[in-house]
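Participant: For reference, the file final-v6.tsv (TSV, C-alpha atoms) is included below:
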chain	number	residue	atom	x	y	z
A	87	MET	CA	109.10	-56.39	-52.39
A	88	ILE	CA	112.85	-56.05	-52.70
A	89	SER	CA	113.88	-57.44	-56.02
A	90	SER	CA	117.63	-57.69	-55.63
A	91	LYS	CA	120.06	-59.10	-53.13
A	92	GLU	CA	122.05	-55.84	-53.12
A	93	LYS	CA	119.00	-53.76	-52.21
A	94	TYR	CA	118.02	-56.16	-49.46
A	95	GLN	CA	121.56	-56.11	-48.07
A	96	GLY	CA	121.51	-52.31	-48.26
A	97	LEU	CA	118.28	-52.12	-46.28
A	98	ILE	CA	119.54	-54.45	-43.55
A	99	LYS	CA	122.80	-52.50	-43.24
A	100	SER	CA	120.95	-49.21	-43.24
A	101	LEU	CA	118.62	-50.32	-40.47
A	102	LYS	CA	121.57	-51.74	-38.53
A	103	VAL	CA	119.77	-55.00	-37.91
A	104	LYS	CA	121.93	-57.20	-35.73
A	105	ASP	CA	121.98	-60.78	-36.88
A	106	VAL	CA	120.90	-62.37	-33.65
A	107	ASN	CA	118.96	-65.60	-34.13
A	108	VAL	CA	115.16	-65.60	-34.14
A	109	LYS	CA	114.51	-61.98	-33.32
A	110	TYR	CA	116.25	-60.76	-36.44
A	111	THR	CA	113.16	-60.42	-38.63
A	112	ASN	CA	111.27	-58.74	-35.81
A	113	GLN	CA	114.06	-56.20	-35.50
A	114	LEU	CA	113.82	-55.50	-39.18
A	115	LYS	CA	110.09	-54.90	-38.97
A	116	ILE	CA	110.25	-52.77	-35.83
A	117	LYS	CA	113.06	-50.55	-37.08
A	118	LEU	CA	111.49	-50.17	-40.50
A	119	ILE	CA	108.08	-49.22	-39.13
A	120	ARG	CA	109.65	-46.79	-36.67
A	121	LYS	CA	111.49	-45.03	-39.48
A	122	ILE	CA	108.40	-44.88	-41.67
A	123	LYS	CA	106.24	-43.55	-38.83
A	124	ASN	CA	108.81	-40.82	-38.13
A	125	ASN	CA	109.04	-39.95	-41.82
A	126	ASP	CA	112.72	-40.78	-41.68
A	127	VAL	CA	112.63	-42.43	-45.09
A	128	LEU	CA	115.37	-40.69	-47.05
A	129	GLU	CA	117.78	-43.62	-46.68
A	130	ILE	CA	115.28	-46.46	-47.04
A	131	ARG	CA	113.85	-44.98	-50.23
A	132	LYS	CA	116.98	-46.32	-51.92
A	133	TYR	CA	115.86	-49.85	-51.17
A	134	LEU	CA	112.07	-49.82	-50.99
A	135	SER	CA	109.63	-48.40	-53.50
A	136	SER	CA	107.41	-45.50	-52.47
A	137	ASP	CA	104.41	-47.83	-52.87
A	138	THR	CA	105.88	-50.31	-50.40
A	139	ILE	CA	106.64	-47.54	-47.90
A	140	LYS	CA	103.09	-46.22	-48.31
A	141	PHE	CA	101.66	-49.73	-47.84
A	142	ILE	CA	103.63	-50.35	-44.64
A	143	LYS	CA	102.61	-46.94	-43.27
A	144	LYS	CA	98.92	-47.52	-43.91
A	145	ALA	CA	99.01	-51.12	-42.67
A	146	ASN	CA	100.59	-49.91	-39.45
A	147	GLU	CA	98.08	-47.08	-39.00
A	148	TYR	CA	95.26	-49.58	-39.40
A	149	GLY	CA	96.88	-51.84	-36.80
A	150	PHE	CA	97.55	-54.74	-39.18
A	151	VAL	CA	101.32	-54.89	-38.73
B	56	MET	CA	106.21	-54.96	-31.70
B	57	LYS	CA	103.76	-53.00	-29.61
B	58	LYS	CA	100.25	-53.04	-30.92
B	59	ILE	CA	98.92	-49.69	-32.04
B	60	LYS	CA	96.64	-48.45	-29.28
B	61	ASN	CA	94.14	-46.66	-31.45
B	62	PRO	CA	94.35	-47.91	-35.00
B	63	ILE	CA	92.58	-45.83	-37.59
B	64	LYS	CA	89.15	-47.33	-38.26
B	65	THR	CA	88.92	-48.38	-41.86
B	66	THR	CA	86.13	-48.56	-44.38
B	67	GLY	CA	85.75	-51.10	-47.17
B	68	LYS	CA	87.10	-48.43	-49.49
B	69	ASP	CA	90.31	-48.07	-47.45
B	70	ILE	CA	90.91	-51.80	-47.52
B	71	LYS	CA	90.16	-52.03	-51.21
B	72	SER	CA	92.67	-49.29	-51.84
B	73	LEU	CA	95.26	-51.14	-49.72
B	74	ALA	CA	94.57	-54.36	-51.63
B	75	LEU	CA	95.09	-52.57	-54.95
B	76	LEU	CA	98.35	-51.17	-53.64
B	77	ALA	CA	99.45	-54.67	-52.55
B	78	ASN	CA	98.62	-55.97	-56.03
B	79	LYS	CA	100.63	-53.16	-57.63
B	80	ILE	CA	103.65	-53.85	-55.40
B	81	LEU	CA	103.58	-57.59	-55.95
B	82	THR	CA	103.09	-57.52	-59.71
B	83	ASN	CA	106.09	-55.26	-60.16
B	84	GLU	CA	108.93	-57.71	-60.83
B	85	THR	CA	109.20	-59.09	-57.32
B	86	PRO	CA	110.38	-62.64	-56.63
B	87	TYR	CA	106.71	-63.32	-55.76
B	88	SER	CA	105.50	-62.25	-59.19
B	89	ILE	CA	108.29	-64.07	-61.00
B	90	THR	CA	107.36	-67.35	-59.28
B	91	LYS	CA	103.69	-66.78	-59.88
B	92	ASN	CA	103.82	-65.54	-63.44
B	93	LEU	CA	106.57	-67.71	-64.82
B	94	ILE	CA	106.69	-70.97	-62.91
B	95	PHE	CA	103.03	-71.47	-62.03
B	96	LYS	CA	101.71	-70.02	-65.24
B	97	LYS	CA	103.76	-72.56	-67.20
B	98	LEU	CA	102.79	-75.43	-64.91
B	99	PHE	CA	99.10	-74.77	-65.36
B	100	GLN	CA	99.22	-73.49	-68.94
B	101	LYS	CA	99.03	-76.89	-70.61
B	102	LYS	CA	95.58	-78.17	-69.82
B	103	ILE	CA	94.95	-81.78	-68.90
B	104	ASN	CA	92.22	-83.13	-71.15
B	105	MET	CA	92.41	-86.63	-69.76
B	106	PHE	CA	93.48	-87.71	-66.30
B	107	ASP	CA	97.26	-87.42	-65.91
B	108	ALA	CA	98.57	-88.20	-62.43
B	109	ASP	CA	102.15	-87.22	-63.33
B	110	VAL	CA	101.21	-83.68	-64.32
B	111	ILE	CA	99.10	-83.25	-61.20
B	112	ARG	CA	101.94	-84.62	-59.06
B	113	SER	CA	104.47	-82.20	-60.62
B	114	ARG	CA	102.20	-79.25	-59.93
B	115	LEU	CA	101.57	-80.36	-56.36
B	116	ILE	CA	105.29	-80.86	-55.66
B	117	VAL	CA	106.14	-77.36	-56.91
B	118	ILE	CA	103.33	-75.73	-54.92
B	119	ASP	CA	104.33	-77.71	-51.82
B	120	ALA	CA	107.98	-76.65	-52.15
B	121	THR	CA	107.19	-73.01	-52.90
B	122	TYR	CA	104.71	-72.51	-50.10
B	123	SER	CA	106.31	-74.92	-47.58
B	124	THR	CA	103.04	-76.77	-47.04
B	125	ASN	CA	105.13	-79.78	-45.89
B	126	PHE	CA	103.10	-82.36	-47.76
B	127	ASN	CA	106.30	-84.09	-48.84
B	128	LYS	CA	106.95	-85.02	-45.22
B	129	ARG	CA	104.09	-87.50	-45.15
B	130	TYR	CA	104.10	-90.82	-46.96
B	131	TYR	CA	101.61	-91.40	-49.79
B	132	GLY	CA	100.16	-87.94	-49.28
B	133	PHE	CA	100.45	-86.96	-52.93
B	134	ASP	CA	99.05	-90.34	-54.06
B	135	ASP	CA	96.01	-89.97	-51.82
B	136	LEU	CA	95.46	-86.42	-52.94
B	137	ILE	CA	95.70	-87.28	-56.65
B	138	LYS	CA	93.08	-90.02	-56.13
B	139	HIS	CA	90.91	-87.52	-54.27
B	140	PHE	CA	91.16	-85.00	-57.13
B	141	LYS	CA	90.18	-87.72	-59.61
B	142	GLU	CA	86.86	-88.12	-57.81
B	143	PHE	CA	86.10	-84.46	-58.50
B	144	GLY	CA	87.27	-84.20	-62.08
B	145	LYS	CA	89.40	-86.10	-64.54
B	146	THR	CA	90.32	-83.05	-66.59
B	147	ASP	CA	91.48	-79.59	-65.58
B	148	SER	CA	88.21	-78.14	-66.70
B	149	GLU	CA	86.13	-80.57	-64.60
B	150	LEU	CA	88.29	-80.12	-61.51
B	151	SER	CA	88.29	-76.35	-61.94
B	152	ASN	CA	84.48	-76.42	-62.05
B	153	SER	CA	84.44	-78.52	-58.87
B	154	PHE	CA	86.53	-75.91	-57.10
B	155	LYS	CA	84.14	-73.16	-58.18
B	156	GLU	CA	81.15	-75.32	-57.21
B	157	PHE	CA	82.65	-75.91	-53.78
B	158	LEU	CA	82.28	-72.20	-52.99
B	159	ASN	CA	78.50	-72.34	-53.42
B	160	GLU	CA	77.64	-75.97	-52.90
B	161	THR	CA	77.51	-77.16	-49.29
B	162	SER	CA	77.54	-80.86	-50.19
B	163	ASN	CA	80.76	-80.60	-52.23
B	164	LYS	CA	83.59	-82.24	-50.23
B	165	LEU	CA	86.55	-81.27	-52.38
B	166	LEU	CA	87.93	-79.53	-49.30
B	167	ASP	CA	86.99	-81.17	-46.04
B	168	ASN	CA	88.45	-80.92	-42.53
B	169	GLU	CA	87.66	-84.61	-42.01
B	170	LYS	CA	89.40	-85.91	-45.13
B	171	LEU	CA	92.97	-86.97	-44.31
B	172	PHE	CA	95.85	-87.70	-46.67
B	173	GLY	CA	98.95	-89.87	-46.28
B	174	ILE	CA	100.52	-91.51	-43.26
B	175	SER	CA	103.25	-90.52	-40.82
B	176	LYS	CA	106.56	-92.34	-40.28
B	177	LYS	CA	104.85	-94.33	-37.55
B	178	GLY	CA	102.07	-95.36	-39.91
B	179	ASP	CA	99.40	-93.15	-38.36
B	180	VAL	CA	96.93	-91.35	-40.56
B	181	LYS	CA	98.19	-87.85	-41.34
B	182	GLY	CA	96.36	-84.55	-41.54
B	183	HIS	CA	94.15	-82.75	-44.01
B	184	GLY	CA	95.65	-81.00	-46.99
B	185	LEU	CA	93.48	-77.88	-47.05
B	186	SER	CA	96.30	-75.40	-47.58
B	187	LEU	CA	97.84	-77.31	-50.49
B	188	ILE	CA	94.46	-78.11	-52.08
B	189	SER	CA	93.34	-74.48	-51.89
B	190	LYS	CA	96.58	-73.35	-53.55
B	191	TYR	CA	96.10	-75.90	-56.31
B	192	GLY	CA	92.57	-74.54	-56.76
B	193	TYR	CA	93.86	-70.97	-56.77
B	194	TYR	CA	96.17	-71.63	-59.73
B	195	LEU	CA	93.87	-74.07	-61.55
B	196	THR	CA	90.97	-71.61	-61.56
B	197	LYS	CA	93.24	-68.69	-62.47
B	198	TYR	CA	92.92	-67.12	-59.02
B	199	LYS	CA	89.16	-67.53	-58.73
B	200	PHE	CA	89.51	-69.73	-55.68
B	201	PRO	CA	90.72	-68.25	-52.37
B	202	ILE	CA	93.79	-69.53	-50.56
B	203	TYR	CA	93.35	-71.16	-47.17
B	204	ASP	CA	96.33	-71.14	-44.82
B	205	SER	CA	97.31	-69.87	-41.39
B	206	LEU	CA	98.52	-66.55	-42.73
B	207	ALA	CA	95.34	-65.90	-44.73
B	208	LYS	CA	93.20	-66.81	-41.70
B	209	GLU	CA	95.16	-64.56	-39.34
B	210	PHE	CA	95.07	-61.49	-41.55
B	211	LEU	CA	91.53	-62.00	-42.79
B	212	TRP	CA	90.47	-61.89	-39.17
B	213	LYS	CA	92.66	-58.85	-38.39
B	214	VAL	CA	91.45	-56.88	-41.38
B	215	ASN	CA	87.81	-57.71	-40.68
B	216	GLN	CA	88.17	-56.86	-36.97
B	217	ASN	CA	89.23	-53.34	-37.86
B	218	PHE	CA	86.28	-52.40	-40.00
B	219	ASP	CA	83.56	-54.74	-38.77
B	220	LYS	CA	84.53	-55.80	-35.27
B	221	ASN	CA	83.30	-59.16	-33.95
B	222	SER	CA	81.28	-59.94	-37.07
B	223	ILE	CA	83.22	-63.17	-37.43
B	224	LYS	CA	84.42	-65.65	-34.82
B	225	LYS	CA	88.10	-66.51	-34.99
B	226	LYS	CA	87.46	-70.22	-34.38
B	227	ASP	CA	85.10	-70.38	-37.37
B	228	LEU	CA	88.06	-69.70	-39.64
B	229	SER	CA	89.49	-73.12	-38.83
B	230	ASP	CA	86.41	-74.86	-40.20
B	231	CYS	CA	87.06	-74.88	-43.92
B	232	LYS	CA	83.39	-74.73	-44.98
B	233	LYS	CA	82.84	-71.71	-42.75
B	234	TYR	CA	86.14	-70.14	-43.79
B	235	PHE	CA	85.25	-70.16	-47.48
B	236	LYS	CA	81.84	-68.69	-46.74
B	237	ILE	CA	83.43	-65.97	-44.61
B	238	VAL	CA	86.15	-65.17	-47.11
B	239	GLN	CA	83.52	-64.61	-49.81
B	240	GLU	CA	81.47	-62.38	-47.50
B	241	VAL	CA	84.52	-60.33	-46.49
B	242	ASN	CA	85.61	-60.06	-50.11
B	243	ASP	CA	82.19	-58.62	-50.97
B	244	LYS	CA	82.08	-56.34	-47.94
B	245	LEU	CA	85.48	-54.93	-48.79
B	246	MET	CA	84.34	-54.38	-52.35
B	247	ILE	CA	87.51	-56.10	-53.56
B	248	LYS	CA	85.48	-58.86	-55.22
B	249	ASP	CA	88.67	-60.44	-56.46
B	250	PHE	CA	90.32	-63.33	-54.61
B	251	ASP	CA	93.66	-62.60	-56.20
B	252	LYS	CA	93.83	-59.04	-54.86
B	253	LEU	CA	92.52	-60.16	-51.47
B	254	ASP	CA	95.23	-62.80	-51.38
B	255	ASN	CA	97.85	-60.22	-52.37
B	256	LEU	CA	96.75	-58.04	-49.45
B	257	LEU	CA	96.77	-60.85	-46.88
B	258	TRP	CA	100.05	-62.28	-48.16
B	259	LEU	CA	101.86	-58.94	-48.13
B	260	LEU	CA	100.61	-58.12	-44.62
B	261	GLY	CA	101.88	-61.52	-43.49
B	262	GLN	CA	105.31	-61.03	-45.04
B	263	ILE	CA	105.74	-57.57	-43.54
B	264	ASN	CA	104.55	-58.79	-40.18
B	265	LYS	CA	107.19	-61.50	-40.25
B	266	GLY	CA	109.84	-59.02	-41.40
B	267	LEU	CA	110.31	-60.91	-44.65
B	268	LEU	CA	110.91	-58.27	-47.28
B	269	SER	CA	112.95	-60.31	-49.75
B	270	GLN	CA	109.82	-61.60	-51.52
Output the file's structure as structure tokens, nothing else.
Facilitator:
Amino acid sequence: MISSKEKYQGLIKSLKVKDVNVKYTNQLKIKLIRKIKNNDVLEIRKYLSSDTIKFIKKANEYGFV
Amino acid sequence: MKKIKNPIKTTGKDIKSLALLANKILTNETPYSITKNLIFKKLFQKKINMFDADVIRSRLIVIDATYSTNFNKRYYGFDDLIKHFKEFGKTDSELSNSFKEFLNETSNKLLDNEKLFGISKKGDVKGHGLSLISKYGYYLTKYKFPIYDSLAKEFLWKVNQNFDKNSIKKKDLSDCKKYFKIVQEVNDKLMIKDFDKLDNLLWLLGQINKGLLSQ
């Protein structure tokens, strides 16, 4: 989904994910979905394609993620 | 993550559209597509026209490493599996046909919950190799064979629950014969009719659910 290291780093920094052991990836998901649900996507558009944002939004609405 | 209280009820058309979107995302120069299109394409490009255990072993080792199916952790697992494959086809074409036959033929035991491969460090018989075998079949048949693993089972069930609640039992997905019957039915119901796109959908849902976006 994110093709480069720089973009992935950018997304993590932008979401302010704290690097705390096992819950780290959960934090990433929760914060990302929250932003997408609130249409607060201006920043994350730099790192994720509009298709990926659309996919996550739909998958969340359908209760899959 | 809190579960959504009232998820939007989907139709087959909605899911098909989501699967097409997943396919579009994943084929667009992602690490996933690079691995799939470059590494696996090359590995399976040269067809085996007579039995060649070394080629099969190389393919299995790469699939095992890429998908973390942990087959390398058991002793003689690859040897047992190569022998097993030989019973179902000595060439790529024969084995590929066996995989396709398995989907319709109940007596075909190419994938079998009871068939175990390799031994553990203590010398006990190890487990089945359904996940690795299905992935080998997926690439050998050019994506005409569905993938069987914990992620595919979990999201197949979740997706089906949304649009056709309780039509499948979760425990049936652990029985490989039933799983492959169910996956074909769901694929038809969803009008995807393409195991590759269905796999793209289930895989992407799994990655997002785990917060793994670097794929």
Participant: Determine the nearest neighbour of chain A from the options B:Asn215, B:Leu187, B:Ser229, B:Tyr198, counting all atoms listed in the file.
Facilitator: B:Asn215
Participant: Between CA of Asn112 in chain A and CA of Trp258 in chain B, what distance in Å does the model show, to one decimal?
Facilitator: 17.1 Å
Participant: Taking 2 positions as the minimum chain separation for residues in the same chain, which residues sit within 10 Å of Asn146 in chain A when counting only C-alpha atoms? Answer as a PDB file with C-alpha atoms, in the coordinates of the input.
Facilitator:
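Okay, this is what ended up in result.pdb:
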ATOM      1  CA  ILE A 119     108.080 -49.220 -39.130  1.00  0.00           C
ATOM      2  CA  ARG A 120     109.650 -46.790 -36.670  1.00  0.00           C
ATOM      3  CA  ILE A 122     108.400 -44.880 -41.670  1.00  0.00           C
ATOM      4  CA  LYS A 123     106.240 -43.550 -38.830  1.00  0.00           C
ATOM      5  CA  LYS A 140     103.090 -46.220 -48.310  1.00  0.00           C
ATOM      6  CA  PHE A 141     101.660 -49.730 -47.840  1.00  0.00           C
ATOM      7  CA  ILE A 142     103.630 -50.350 -44.640  1.00  0.00           C
ATOM      8  CA  LYS A 143     102.610 -46.940 -43.270  1.00  0.00           C
ATOM      9  CA  LYS A 144      98.920 -47.520 -43.910  1.00  0.00           C
ATOM     10  CA  TYR A 148      95.260 -49.580 -39.400  1.00  0.00           C
ATOM     11  CA  GLY A 149      96.880 -51.840 -36.800  1.00  0.00           C
ATOM     12  CA  PHE A 150      97.550 -54.740 -39.180  1.00  0.00           C
ATOM     13  CA  VAL A 151     101.320 -54.890 -38.730  1.00  0.00           C
TER      14      VAL A 151
ATOM     15  CA  LYS B  58     100.250 -53.040 -30.920  1.00  0.00           C
ATOM     16  CA  ILE B  59      98.920 -49.690 -32.040  1.00  0.00           C
ATOM     17  CA  PRO B  62      94.350 -47.910 -35.000  1.00  0.00           C
ATOM     18  CA  ILE B  63      92.580 -45.830 -37.590  1.00  0.00           C
ATOM     19  CA  LEU B 260     100.610 -58.120 -44.620  1.00  0.00           C
ATOM     20  CA  ASN B 264     104.550 -58.790 -40.180  1.00  0.00           C
TER      21      ASN B 264
END
Participant: Just the residues within 6 Å of Gly173 in chain B, please, counting all atoms listed in the file, with nothing from its chain fewer than 3 positions along; format it as a PDB file with C-alpha atoms, keeping the file's coordinate frame.
Facilitator:
ATOM      1  CA  ARG B 129     104.090 -87.500 -45.150  1.00  0.00           C
ATOM      2  CA  TYR B 130     104.100 -90.820 -46.960  1.00  0.00           C
ATOM      3  CA  TYR B 131     101.610 -91.400 -49.790  1.00  0.00           C
ATOM      4  CA  GLY B 132     100.160 -87.940 -49.280  1.00  0.00           C
ATOM      5  CA  LYS B 181      98.190 -87.850 -41.340  1.00  0.00           C
TER       6      LYS B 181
END
Participant: How many Å separate CA of Thr121 in chain B from CA of Thr90 in chain B?
Facilitator: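 Between CA of Thr121 in chain B and CA of Thr90 in chain B the gap is 8.5 Å.
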Participant: Find the residues near range 233-246 of chain B: any atom within 9 Å, counting all atoms listed in the file, skip ones fewer than 4 places away on the same chain, and give them as a PyMOL selection string.
Facilitator: chain B and resi 66-71+157-159+201+203+208+211+215+223+227-229+250+253
Participant: Excluding same-chain residues fewer than 5 positions from Leu118 in chain A, what lies within 12 Å of it counting all atoms listed in the file, as a PyMOL selection string?
Facilitator: (chain A and resi 97-103+111-113+123-127+129-131+133-134+138-139+142-143+146+151) or (chain B and resi 56+263-264+266-268)
Participant: To one decimal place in Å, what is the distance between CA of Ile118 in chain B and CA of Lys190 in chain B?
Facilitator: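 One can read the CA of Ile118 in chain B to CA of Lys190 in chain B distance as 7.3 Å.
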Participant: Please identify every residue of chain B that has at least one atom no more than 12 Å from any atom of chain A, counting only C-alpha atoms, and report them as number ranges by chain.
Facilitator: B: 56-66, 69-70, 72-89, 209-218, 255-270
Participant: What are the centre and edge lengths in Å, to one decimal, of the axis-aligned box around all listed atoms of range 125-140 of chain A with 6 Å added on each side, as lines of an AutoDock Vina configuration file?
Facilitator:
center_x = 110.4
center_y = -45.1
center_z = -47.6
size_x = 26.7
size_y = 22.4
size_z = 23.8
Participant: Using all atoms listed in the file, which residue out of B:Glu149, B:Lys197, B:Asp134, B:Gly144 lies closest to Leu171 in chain B?
Facilitator: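 Closest candidate: B:Asp134.
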